[in-house]
>>> print(open('query.cif').read())   # mmCIF, C-alpha atoms
data_target
#
loop_
_atom_site.label_atom_id
_atom_site.label_comp_id
_atom_site.auth_asym_id
_atom_site.auth_seq_id
_atom_site.Cartn_x
_atom_site.Cartn_y
_atom_site.Cartn_z
CA MET A 143 91.92 0.19 90.70
CA SER A 144 92.47 -1.23 94.13
CA LYS A 145 95.62 -3.23 94.55
CA LYS A 146 95.54 -6.79 95.83
CA ASN A 147 97.91 -8.04 98.52
CA LEU A 148 98.55 -11.44 100.04
CA ILE A 149 99.22 -10.91 103.72
CA SER A 150 97.12 -13.61 105.42
CA ILE A 151 95.72 -16.77 103.93
CA THR A 152 92.22 -15.46 104.72
CA ASP A 153 92.79 -12.51 102.33
CA PHE A 154 91.96 -14.89 99.47
CA SER A 155 88.52 -16.29 98.77
CA LYS A 156 87.85 -19.93 97.95
CA GLU A 157 87.57 -18.93 94.27
CA GLU A 158 91.01 -17.35 94.48
CA TYR A 159 92.45 -20.49 96.08
CA LEU A 160 91.09 -22.51 93.17
CA LYS A 161 92.41 -20.01 90.65
CA ILE A 162 95.89 -20.26 92.22
CA MET A 163 95.68 -24.08 92.02
CA GLU A 164 94.75 -23.90 88.34
CA LEU A 165 97.47 -21.36 87.53
CA SER A 166 100.09 -23.35 89.47
CA SER A 167 99.25 -26.37 87.38
CA GLN A 168 99.57 -24.37 84.16
CA PHE A 169 102.94 -22.97 85.22
CA GLU A 170 104.15 -26.43 86.15
CA GLU A 171 103.33 -27.60 82.64
CA ASN A 172 105.00 -24.62 81.08
CA PRO A 173 107.44 -23.07 83.55
CA SER A 174 109.25 -20.65 81.24
CA GLN A 175 107.15 -17.56 80.72
CA SER A 176 107.65 -13.91 79.94
CA LEU A 177 104.68 -12.47 81.83
CA LEU A 178 106.94 -10.33 84.01
CA LYS A 179 109.02 -8.95 81.14
CA GLY A 180 109.86 -5.34 81.90
CA LYS A 181 108.71 -5.66 85.53
CA VAL A 182 110.82 -5.21 88.64
CA ILE A 183 110.03 -7.22 91.76
CA ALA A 184 111.51 -6.36 95.15
CA THR A 185 112.40 -9.16 97.56
CA LEU A 186 112.98 -7.54 100.94
CA PHE A 187 114.22 -10.09 103.45
CA PHE A 188 114.70 -8.30 106.76
CA GLU A 189 115.64 -11.65 108.22
CA PRO A 190 117.31 -14.43 106.28
CA SER A 191 115.27 -17.25 104.81
CA THR A 192 117.21 -18.90 102.04
CA ARG A 193 114.56 -21.44 101.10
CA THR A 194 111.65 -19.02 100.74
CA ARG A 195 113.73 -16.33 99.05
CA LEU A 196 115.20 -18.70 96.47
CA SER A 197 111.77 -20.10 95.74
CA PHE A 198 110.31 -16.64 95.12
CA GLU A 199 113.33 -15.52 93.12
CA THR A 200 113.16 -18.64 90.98
CA ALA A 201 109.48 -17.91 90.36
CA ILE A 202 110.30 -14.32 89.29
CA ASN A 203 113.12 -15.49 87.03
CA ARG A 204 110.91 -18.10 85.42
CA LEU A 205 108.35 -15.39 84.71
CA GLY A 206 111.02 -13.23 83.08
CA GLY A 207 111.07 -10.48 85.73
CA LYS A 208 113.97 -8.58 87.28
CA ILE A 209 114.76 -8.65 91.01
CA ILE A 210 115.95 -5.96 93.39
CA GLY A 211 116.27 -6.37 97.15
CA PHE A 212 118.33 -7.67 100.02
CA SER A 213 118.64 -10.97 101.82
CA ASP A 214 119.17 -9.72 105.36
CA SER A 215 118.70 -6.40 107.08
CA ASN A 216 122.46 -5.91 107.64
CA SER A 217 122.88 -5.16 103.96
CA SER A 218 119.99 -2.68 103.86
CA SER A 219 119.40 0.81 105.16
CA VAL A 220 117.62 -0.73 108.15
CA SER A 221 121.07 -1.06 109.70
CA LYS A 222 121.30 2.74 109.47
CA GLY A 223 118.08 3.04 111.42
CA GLU A 224 115.59 3.58 108.61
CA THR A 225 112.01 2.76 109.58
CA LEU A 226 110.01 0.06 107.83
CA HIS A 227 107.64 2.80 106.70
CA ASP A 228 110.38 4.69 104.85
CA THR A 229 111.97 1.57 103.35
CA ILE A 230 108.62 0.42 101.93
CA LYS A 231 107.69 3.91 100.71
CA MET A 232 110.96 4.13 98.83
CA VAL A 233 110.91 0.62 97.37
CA SER A 234 107.30 0.95 96.24
CA ASN A 235 108.51 3.81 94.03
CA TYR A 236 110.92 1.46 92.29
CA ALA A 237 109.23 -1.92 92.08
CA ASP A 238 105.97 -3.29 90.66
CA LEU A 239 105.49 -5.70 93.57
CA ILE A 240 107.09 -6.21 96.97
CA ILE A 241 107.77 -9.59 98.57
CA MET A 242 108.87 -9.23 102.17
CA ARG A 243 109.89 -11.24 105.19
CA HIS A 244 110.23 -9.44 108.49
CA PRO A 245 110.71 -10.64 112.08
CA LEU A 246 107.92 -8.45 113.49
CA GLU A 247 104.31 -9.65 113.42
CA GLY A 248 101.93 -7.42 111.53
CA SER A 249 104.80 -5.83 109.59
CA ALA A 250 103.48 -7.10 106.26
CA ARG A 251 99.96 -5.77 106.84
CA TYR A 252 101.50 -2.42 107.74
CA ALA A 253 103.74 -2.48 104.65
CA ALA A 254 100.68 -3.15 102.49
CA GLU A 255 99.09 0.00 103.93
CA VAL A 256 102.16 2.09 103.21
CA SER A 257 102.96 0.64 99.77
CA ASP A 258 101.42 1.78 96.49
CA VAL A 259 102.20 -1.60 94.89
CA PRO A 260 100.98 -5.09 95.93
CA VAL A 261 102.73 -6.77 98.86
CA ILE A 262 103.24 -10.49 99.38
CA ASN A 263 103.95 -11.57 102.94
CA ALA A 264 106.77 -14.12 102.90
CA GLY A 265 106.56 -14.49 106.68
CA ASP A 266 105.97 -11.91 109.45
CA GLY A 267 107.42 -13.38 112.63
CA ALA A 268 105.27 -16.23 113.91
CA ASN A 269 102.14 -14.77 112.33
CA GLN A 270 101.50 -15.64 108.67
CA HIS A 271 103.24 -17.20 105.68
CA PRO A 272 100.43 -17.58 103.15
CA SER A 273 102.45 -18.70 100.12
CA GLN A 274 103.49 -21.76 102.15
CA THR A 275 99.83 -22.60 102.71
CA LEU A 276 98.99 -22.22 99.02
CA LEU A 277 101.85 -24.51 98.03
CA ASP A 278 100.67 -27.01 100.65
CA MET A 279 97.20 -26.87 99.11
CA TYR A 280 98.62 -27.26 95.63
CA SER A 281 100.52 -30.34 96.83
CA ILE A 282 97.29 -31.79 98.23
CA MET A 283 95.38 -30.97 95.04
CA LYS A 284 98.07 -32.47 92.85
CA THR A 285 98.45 -35.70 94.77
CA GLN A 286 94.81 -36.31 95.72
CA GLY A 287 93.10 -34.72 92.71
CA ARG A 288 90.79 -32.72 95.00
CA LEU A 289 90.61 -30.40 98.00
CA ASP A 290 87.23 -31.68 99.21
CA ASP A 291 86.88 -34.73 101.49
CA ILE A 292 90.48 -34.73 102.71
CA ASN A 293 91.42 -36.57 105.90
CA LEU A 294 94.32 -34.45 107.09
CA PHE A 295 96.66 -35.47 109.90
CA MET A 296 98.68 -32.70 111.50
CA VAL A 297 101.57 -33.86 113.66
CA GLY A 298 104.03 -32.22 116.04
CA ASP A 299 103.95 -28.60 117.13
CA LEU A 300 100.35 -27.60 116.58
CA LYS A 301 100.46 -24.78 119.11
CA TYR A 302 103.07 -22.47 117.62
CA GLY A 303 103.21 -23.82 114.09
CA ARG A 304 101.80 -21.10 111.87
CA THR A 305 101.77 -23.40 108.82
CA VAL A 306 99.27 -25.80 110.40
CA HIS A 307 97.00 -22.96 111.55
CA SER A 308 96.88 -21.38 108.10
CA LEU A 309 96.38 -24.73 106.38
CA LEU A 310 93.52 -25.50 108.78
CA MET A 311 91.82 -22.19 107.95
CA ALA A 312 92.22 -22.67 104.21
CA MET A 313 91.16 -26.33 104.06
CA SER A 314 88.08 -25.49 106.15
CA GLN A 315 86.71 -23.68 103.10
CA PHE A 316 86.36 -27.01 101.27
CA LYS A 317 83.78 -29.77 101.65
CA ASN A 318 83.94 -32.37 104.43
CA PRO A 319 87.48 -32.11 105.69
CA ILE A 320 88.44 -34.28 108.67
CA PHE A 321 91.25 -33.03 110.87
CA ASN A 322 93.32 -35.30 113.09
CA PHE A 323 95.71 -33.57 115.46
CA VAL A 324 98.64 -35.54 116.88
CA ALA A 325 100.58 -33.55 119.48
CA PRO A 326 101.76 -33.55 123.10
CA PRO A 327 99.48 -31.58 125.48
CA GLU A 328 102.07 -28.77 125.66
CA LEU A 329 101.86 -28.26 121.91
CA ALA A 330 98.19 -29.04 121.32
CA MET A 331 96.09 -27.20 118.74
CA PRO A 332 94.92 -23.93 120.40
CA ASP A 333 91.27 -23.70 121.47
CA GLU A 334 90.51 -20.83 119.09
CA TYR A 335 91.13 -23.09 116.08
CA LYS A 336 89.15 -25.98 117.56
CA LEU A 337 86.31 -23.56 118.26
CA TYR A 338 86.53 -22.30 114.68
CA LEU A 339 86.11 -25.87 113.40
CA SER A 340 83.25 -26.64 115.82
CA ASN A 341 81.40 -23.51 114.75
CA LYS A 342 81.66 -24.59 111.14
CA GLY A 343 80.54 -28.12 112.00
CA ILE A 344 83.86 -29.60 110.89
CA ARG A 345 85.02 -32.87 112.47
CA TYR A 346 88.34 -33.04 114.29
CA PHE A 347 90.01 -35.57 116.56
CA GLU A 348 92.93 -35.22 118.94
CA HIS A 349 95.56 -37.88 119.61
CA LEU A 350 98.55 -37.92 121.91
CA GLU A 351 100.52 -40.27 119.71
CA PHE A 352 100.51 -41.98 116.34
CA ASN A 353 98.26 -44.99 116.19
CA ASP A 354 96.47 -47.16 113.67
CA ILE A 355 94.16 -44.32 112.82
CA ILE A 356 96.82 -42.85 110.50
CA ASN A 357 95.82 -45.65 108.11
CA GLN A 358 92.82 -43.46 107.21
CA ALA A 359 94.93 -40.44 106.35
CA ASP A 360 95.00 -38.83 102.91
CA ILE A 361 97.69 -36.38 103.98
CA ILE A 362 100.11 -36.54 106.93
CA TYR A 363 101.44 -33.06 107.60
CA MET A 364 104.53 -33.27 109.80
CA THR A 365 106.05 -30.37 111.75
CA ARG A 366 109.06 -30.01 113.96
CA VAL A 367 108.76 -30.30 117.75
CA GLN A 368 111.19 -27.66 118.95
CA LYS A 369 113.01 -28.07 122.23
CA GLU A 370 112.84 -24.36 123.03
CA ARG A 371 109.02 -24.52 123.14
CA PHE A 372 109.14 -26.54 126.36
CA ILE A 373 109.43 -24.84 129.74
CA ASP A 374 110.48 -28.10 131.34
CA PRO A 375 113.31 -29.88 129.45
CA VAL A 376 112.20 -33.17 131.02
CA GLU A 377 108.87 -32.87 129.19
CA TYR A 378 110.72 -32.43 125.92
CA GLU A 379 112.84 -35.51 126.54
CA LYS A 380 109.67 -37.48 127.24
CA VAL A 381 107.96 -36.60 123.97
CA LYS A 382 110.81 -35.95 121.56
CA ASN A 383 110.76 -39.46 120.09
CA VAL A 384 106.98 -39.87 120.09
CA TYR A 385 106.40 -37.69 117.06
CA ILE A 386 108.90 -39.24 114.71
CA LEU A 387 107.50 -40.81 111.57
CA LYS A 388 109.26 -44.02 110.56
CA ASN A 389 108.88 -46.05 107.39
CA GLU A 390 107.38 -49.10 109.12
CA MET A 391 104.50 -46.96 110.44
CA LEU A 392 103.36 -46.41 106.86
CA ALA A 393 102.91 -50.12 106.08
CA ASN A 394 99.11 -50.13 106.34
CA THR A 395 98.41 -46.57 105.27
CA LYS A 396 96.48 -45.78 102.08
CA PRO A 397 98.50 -46.24 98.89
CA THR A 398 97.59 -42.65 97.97
CA VAL A 399 98.68 -41.06 101.26
CA LYS A 400 101.34 -38.36 101.00
CA ILE A 401 103.62 -37.01 103.69
CA LEU A 402 104.11 -33.26 103.68
CA HIS A 403 106.48 -31.12 105.72
CA PRO A 404 107.15 -27.36 105.42
CA LEU A 405 110.89 -28.09 105.91
CA PRO A 406 113.52 -27.84 107.28
CA ARG A 407 113.25 -31.28 108.77
CA ILE A 408 115.39 -32.18 111.75
CA ASN A 409 114.59 -35.71 112.92
CA GLU A 410 110.78 -35.86 112.92
CA ILE A 411 110.73 -37.83 109.68
CA HIS A 412 113.18 -40.70 109.72
CA THR A 413 115.43 -40.70 106.65
CA ASN A 414 114.21 -44.23 105.90
CA VAL A 415 110.91 -42.62 104.81
CA ASP A 416 112.62 -40.56 102.09
CA SER A 417 112.71 -43.35 99.54
CA ASN A 418 109.08 -44.35 100.18
CA PRO A 419 106.85 -43.10 97.32
CA LYS A 420 104.51 -41.74 100.01
CA ALA A 421 107.16 -39.18 100.97
CA TYR A 422 106.34 -35.95 99.20
CA TYR A 423 108.15 -33.14 101.09
CA PHE A 424 110.86 -32.46 98.53
CA THR A 425 108.39 -32.35 95.64
CA GLN A 426 106.23 -30.14 97.83
CA ALA A 427 109.09 -27.62 98.03
CA ARG A 428 109.43 -27.75 94.23
CA ASN A 429 105.70 -27.06 93.89
CA GLY A 430 106.33 -23.81 95.76
CA VAL A 431 107.93 -22.23 92.71
CA PHE A 432 104.82 -22.81 90.56
CA THR A 433 102.50 -21.64 93.31
CA ARG A 434 104.54 -18.46 93.75
CA MET A 435 104.48 -17.85 89.99
CA ALA A 436 100.70 -18.14 90.25
CA ILE A 437 100.43 -15.76 93.22
CA ILE A 438 102.57 -13.08 91.55
CA SER A 439 100.66 -13.32 88.26
CA HIS A 440 97.33 -13.15 90.07
CA LEU A 441 98.22 -10.10 92.18
CA LEU A 442 99.55 -8.22 89.16
CA ASN A 443 96.45 -9.15 87.13
CA LEU A 444 98.64 -10.79 84.51
CA ARG A 445 96.60 -13.96 84.57
CA MET B 87 73.51 14.05 150.71
CA GLU B 88 76.78 12.72 152.01
CA LYS B 89 77.60 11.18 148.64
CA GLN B 90 77.26 14.47 146.85
CA LEU B 91 79.64 16.11 149.29
CA ASN B 92 82.40 13.67 148.41
CA VAL B 93 82.90 15.36 145.07
CA SER B 94 81.35 18.77 144.85
CA ALA B 95 78.53 19.32 142.40
CA ILE B 96 78.98 21.10 139.09
CA LYS B 97 76.59 23.57 137.56
CA ASP B 98 77.05 22.52 133.93
CA GLY B 99 79.05 19.70 132.41
CA THR B 100 79.41 15.94 132.53
CA VAL B 101 79.57 13.48 135.42
CA ILE B 102 81.10 10.09 134.69
CA ASP B 103 79.96 7.66 137.37
CA HIS B 104 80.47 3.98 138.13
CA ILE B 105 84.09 3.86 137.08
CA PRO B 106 86.02 0.93 138.62
CA THR B 107 88.52 2.38 141.08
CA LYS B 108 91.46 0.85 139.25
CA ALA B 109 90.35 2.41 135.98
CA LEU B 110 90.09 6.04 137.14
CA PHE B 111 93.42 7.21 135.80
CA LYS B 112 93.02 5.18 132.62
CA VAL B 113 89.78 7.06 131.98
CA VAL B 114 91.61 10.33 132.63
CA GLN B 115 94.23 9.24 130.13
CA ILE B 116 91.79 8.06 127.43
CA LEU B 117 89.73 11.25 127.58
CA LYS B 118 92.94 13.31 127.88
CA LEU B 119 91.47 15.12 130.87
CA ASP B 120 94.97 16.06 131.98
CA GLU B 121 95.09 18.42 128.99
CA PHE B 122 91.79 20.14 129.84
CA ASN B 123 91.59 23.70 131.06
CA ASN B 124 88.07 23.16 132.40
CA MET B 125 87.56 22.39 136.05
CA VAL B 126 87.89 18.63 136.55
CA THR B 127 87.21 17.04 139.94
CA PHE B 128 87.34 13.41 140.79
CA GLY B 129 86.93 11.02 143.66
CA ASN B 130 88.20 7.53 144.09
CA ASN B 131 87.38 4.65 146.42
CA LEU B 132 83.88 6.02 147.04
CA ASP B 133 81.26 3.66 148.48
CA SER B 134 79.07 2.04 145.87
CA LYS B 135 76.12 -0.25 146.42
CA ALA B 136 76.63 -1.97 143.08
CA MET B 137 80.41 -2.08 142.89
CA GLY B 138 81.66 -1.95 146.49
CA THR B 139 83.91 0.97 145.68
CA LYS B 140 83.97 3.20 142.64
CA ALA B 141 85.42 6.32 141.12
CA ILE B 142 83.65 9.39 139.77
CA ILE B 143 84.78 12.26 137.54
CA LYS B 144 83.07 15.62 137.09
CA ILE B 145 84.03 17.83 134.20
CA ALA B 146 82.66 21.37 134.11
CA ASN B 147 81.36 22.86 130.88
CA ARG B 148 82.30 19.93 128.73
CA TYR B 149 80.01 17.50 126.88
CA PHE B 150 80.99 14.34 125.04
CA GLU B 151 79.92 12.73 121.79
CA ASP B 152 79.14 8.99 122.04
CA GLU B 153 82.09 8.11 119.86
CA GLU B 154 84.44 10.02 122.13
CA VAL B 155 83.20 8.58 125.37
CA ASN B 156 82.63 4.99 124.23
CA LYS B 157 86.38 4.57 124.22
CA ILE B 158 86.34 4.41 128.02
CA ALA B 159 84.13 1.31 127.88
CA LEU B 160 87.34 -0.67 127.40
CA VAL B 161 88.36 0.05 131.00
CA ALA B 162 85.02 1.09 132.51
CA PRO B 163 82.38 -1.01 130.78
CA ASN B 164 79.62 -0.05 133.25
CA ALA B 165 80.33 3.68 133.35
CA LYS B 166 77.36 6.03 133.27
CA LEU B 167 77.36 9.54 131.91
CA ASN B 168 75.15 12.24 133.31
CA THR B 169 74.81 15.49 131.44
CA ILE B 170 74.30 18.34 133.91
CA ARG B 171 72.70 21.67 133.14
CA ASN B 172 72.05 24.15 135.91
CA TYR B 173 72.73 21.46 138.57
CA GLU B 174 70.09 19.17 137.07
CA VAL B 175 70.69 15.85 135.35
CA VAL B 176 69.19 16.38 131.89
CA GLU B 177 70.44 13.21 130.21
CA LYS B 178 71.75 9.80 131.31
CA ARG B 179 73.79 7.55 129.07
CA VAL B 180 75.63 4.27 129.44
CA VAL B 181 78.87 3.71 127.57
CA GLN B 182 78.98 1.13 124.82
CA ILE B 183 81.92 -0.90 123.67
CA PRO B 184 82.75 0.19 120.10
CA GLU B 185 83.18 -2.40 117.30
CA GLN B 186 86.54 -1.05 116.38
CA VAL B 187 89.14 0.63 118.58
CA ASN B 188 91.75 2.81 116.97
CA GLY B 189 94.85 4.24 118.56
CA ILE B 190 94.02 3.94 122.28
CA VAL B 191 95.15 0.54 123.39
CA ARG B 192 98.59 -0.98 123.11
CA CYS B 193 98.82 -4.42 121.48
CA PHE B 194 99.88 -6.91 124.16
CA ASN B 195 102.17 -8.69 121.68
CA PRO B 196 105.72 -7.37 122.17
CA LYS B 197 106.61 -8.58 118.68
CA CYS B 198 103.81 -6.60 117.01
CA ILE B 199 104.90 -3.90 114.56
CA THR B 200 102.76 -1.37 116.45
CA ASN B 201 105.08 -1.71 119.43
CA ALA B 202 108.19 -1.22 117.33
CA GLU B 203 107.32 1.58 114.95
CA ASN B 204 105.17 4.64 115.14
CA VAL B 205 102.03 2.86 113.93
CA SER B 206 98.62 3.67 115.38
CA THR B 207 96.94 0.51 116.69
CA LYS B 208 93.68 -0.85 115.25
CA PHE B 209 91.59 -3.52 116.92
CA GLN B 210 88.40 -5.35 116.13
CA ILE B 211 86.34 -6.16 119.22
CA ILE B 212 85.60 -9.86 118.91
CA ASN B 213 84.06 -10.37 122.35
CA GLU B 214 82.52 -7.84 124.73
CA LYS B 215 82.36 -9.65 128.05
CA PRO B 216 85.15 -10.14 128.83
CA ILE B 217 86.69 -7.89 126.23
CA GLU B 218 88.75 -9.62 123.54
CA MET B 219 90.25 -7.48 120.82
CA LYS B 220 92.05 -8.67 117.71
CA CYS B 221 94.95 -6.64 116.38
CA TYR B 222 94.50 -5.65 112.73
CA TYR B 223 98.24 -6.01 112.16
CA CYS B 224 99.62 -9.00 114.06
CA GLU B 225 96.19 -10.75 114.35
CA LYS B 226 96.85 -11.62 118.02
CA ILE B 227 94.14 -11.18 120.63
CA THR B 228 94.54 -8.77 123.53
CA TYR B 229 92.38 -9.81 126.49
CA GLU B 230 90.67 -7.51 128.97
CA ASN B 231 93.21 -8.07 131.76
CA GLU B 232 96.05 -7.14 129.37
CA ILE B 233 94.61 -3.83 128.18
CA LYS B 234 97.16 -1.04 128.47
CA ILE B 235 96.49 2.45 127.27
CA LYS B 236 98.94 3.70 124.68
#
>>> encode(input="query.cif", output="structure tokens")
Amino acid sequence: MSKKNLISITDFSKEEYLKIMELSSQFEENPSQSLLKGKVIATLFFEPSTRTRLSFETAINRLGGKIIGFSDSNSSSVSKGETLHDTIKMVSNYADLIIMRHPLEGSARYAAEVSDVPVINAGDGANQHPSQTLLDMYSIMKTQGRLDDINLFMVGDLKYGRTVHSLLMAMSQFKNPIFNFVAPPELAMPDEYKLYLSNKGIRYFEHLEFNDIINQADIIYMTRVQKERFIDPVEYEKVKNVYILKNEMLANTKPTVKILHPLPRINEIHTNVDSNPKAYYFTQARNGVFTRMAIISHLLNLR
Amino acid sequence: MEKQLNVSAIKDGTVIDHIPTKALFKVVQILKLDEFNNMVTFGNNLDSKAMGTKAIIKIANRYFEDEEVNKIALVAPNAKLNTIRNYEVVEKRVVQIPEQVNGIVRCFNPKCITNAENVSTKFQIINEKPIEMKCYYCEKITYENEIKIK
């Protein structure tokens, strides 16, 4: 039997996306399970990521599994010079599934080749972080009741932000999405993604700043504009306050609109938004546990 | 006549013609001609009607399968192969860019796992002219002007 991995969001079909949505919803209703009883899951974090690791480990605990692993490479044999190949080969002898985060791009795909057990990519450098995308989709599904016909605003760093790229690819599999990109020219959505949308006949619009058009949004997906992405610090100073979402800007938006953010947030969503019922980013993070329970169960053919 | 004198003729073997002058040593590297014991002669910066200047390689008593020689299309997309038997050209071939390229080219992305560990590269050719190749591992695209032989 061939093993399934989740390395890139495109590894899953539309049917699998929908299955993950359905499973996530079931796990949310009934979060204490014993599907992983007797199973050992490895969480290998070659670089620290507290949020993602805790979310995965909570998912494993809720499924009744046991965890082995490390939370940064200093406490692993990597610090002794062991190759990724050898670490994965060894761990795949011990565990039933490997969840890994690694600073190098492509490391997860390589690990999946080396490993005898399924691998979940919990982030490989700036490349992919598919469980984030699935939890974003689950948050959209849960709040809008559908994944078709979504008017999705993406705001901030659309050039380097891997979460927006993966979400764009995944949501393009559903009917009639409309994408609205709000970003400074330096951080605009790369041409390859715009070309991908054009080729599929999907509508998208680009904006340099927030305007009244956000009133049409079903989802506003905020990301952080990072200073270090700008070659010229003056350019950063010019735009740094343009992409901040404030409560008053939401006055005329749809009552059903939800604001998502992969977190951590710095200042791009004003704290006065937090108490607005349209703010959804903390619940979104909570949804991640159910989505990760779903991904693990799916890859191990337990559900 | 003069052209033939630039690089002496071979009795049997393969002539690779129409190599861009900058790509000569890359072709040598890809075909591992430096490890050959056969007689290998080459000329660079030769006059060419089509290309201005060009390079040419002649390899005695050695013939190439398509799969082997198509690898050079990455650096010499217009190269032509002449099979020589008894001083006569018995077959002419043009190289073709393969769909997949394994283990020849370095991924341009310094953060790619293939540049950090002993992992053979794998690329999907997503565009032929100019060449754009997508890394199987890091999913980044290496463009023609960034191609470096591993």
>>> closest_residue(input="query.cif", among="A:Arg445, A:Arg345, A:Arg434, A:Lys156", to="Arg204 (chain A)", atoms="all atoms listed in the file")
A:Arg434
>>> atom_distance(input="query.cif", atom1="CA of Gln115 (chain B)", atom2="CA of Asn147 (chain B)")
18.8 Å
>>> atom_distance(input="query.cif", atom1="CA of Asp416 (chain A)", atom2="CA of Thr365 (chain A)")
15.5 Å
>>> closest_residue(input="query.cif", among="A:Pro375, A:Pro173, A:Gly267, A:Pro190", to="chain B", atoms="only C-alpha atoms")
A:Gly267
>>> interface_residues(input="query.cif", of="chain A", to="chain B", cutoff="8 Å", atoms="all atoms listed in the file", output="VMD selection string")
chain A and resid 225 to 226 246 to 252 267 269
>>> residues_around(input="query.cif", residues="Lys317 (chain A)", least_positions_apart="6", cutoff="8 Å", atoms="all atoms listed in the file", output="PyMOL selection string")
chain A and resi 289-291
>>> residues_around(input="query.cif", residues="Gln315 (chain A)", least_positions_apart="6", cutoff="12 Å", atoms="only C-alpha atoms", output="MDAnalysis selection string")
chainID A and resid 151:152 154:160 279 289:292 308:309 338:339 342:344
>>> write_last_selection(input="query.cif", atoms="C-alpha atoms", output="mmCIF file, in the coordinates of the input")
data_model
loop_
_atom_site.group_PDB
_atom_site.id
_atom_site.type_symbol
_atom_site.label_atom_id
_atom_site.label_comp_id
_atom_site.auth_asym_id
_atom_site.auth_seq_id
_atom_site.Cartn_x
_atom_site.Cartn_y
_atom_site.Cartn_z
ATOM 1 C CA ILE A 151 95.720 -16.770 103.930
ATOM 2 C CA THR A 152 92.220 -15.460 104.720
ATOM 3 C CA PHE A 154 91.960 -14.890 99.470
ATOM 4 C CA SER A 155 88.520 -16.290 98.770
ATOM 5 C CA LYS A 156 87.850 -19.930 97.950
ATOM 6 C CA GLU A 157 87.570 -18.930 94.270
ATOM 7 C CA GLU A 158 91.010 -17.350 94.480
ATOM 8 C CA TYR A 159 92.450 -20.490 96.080
ATOM 9 C CA LEU A 160 91.090 -22.510 93.170
ATOM 10 C CA MET A 279 97.200 -26.870 99.110
ATOM 11 C CA LEU A 289 90.610 -30.400 98.000
ATOM 12 C CA ASP A 290 87.230 -31.680 99.210
ATOM 13 C CA ASP A 291 86.880 -34.730 101.490
ATOM 14 C CA ILE A 292 90.480 -34.730 102.710
ATOM 15 C CA SER A 308 96.880 -21.380 108.100
ATOM 16 C CA LEU A 309 96.380 -24.730 106.380
ATOM 17 C CA TYR A 338 86.530 -22.300 114.680
ATOM 18 C CA LEU A 339 86.110 -25.870 113.400
ATOM 19 C CA LYS A 342 81.660 -24.590 111.140
ATOM 20 C CA GLY A 343 80.540 -28.120 112.000
ATOM 21 C CA ILE A 344 83.860 -29.600 110.890
#
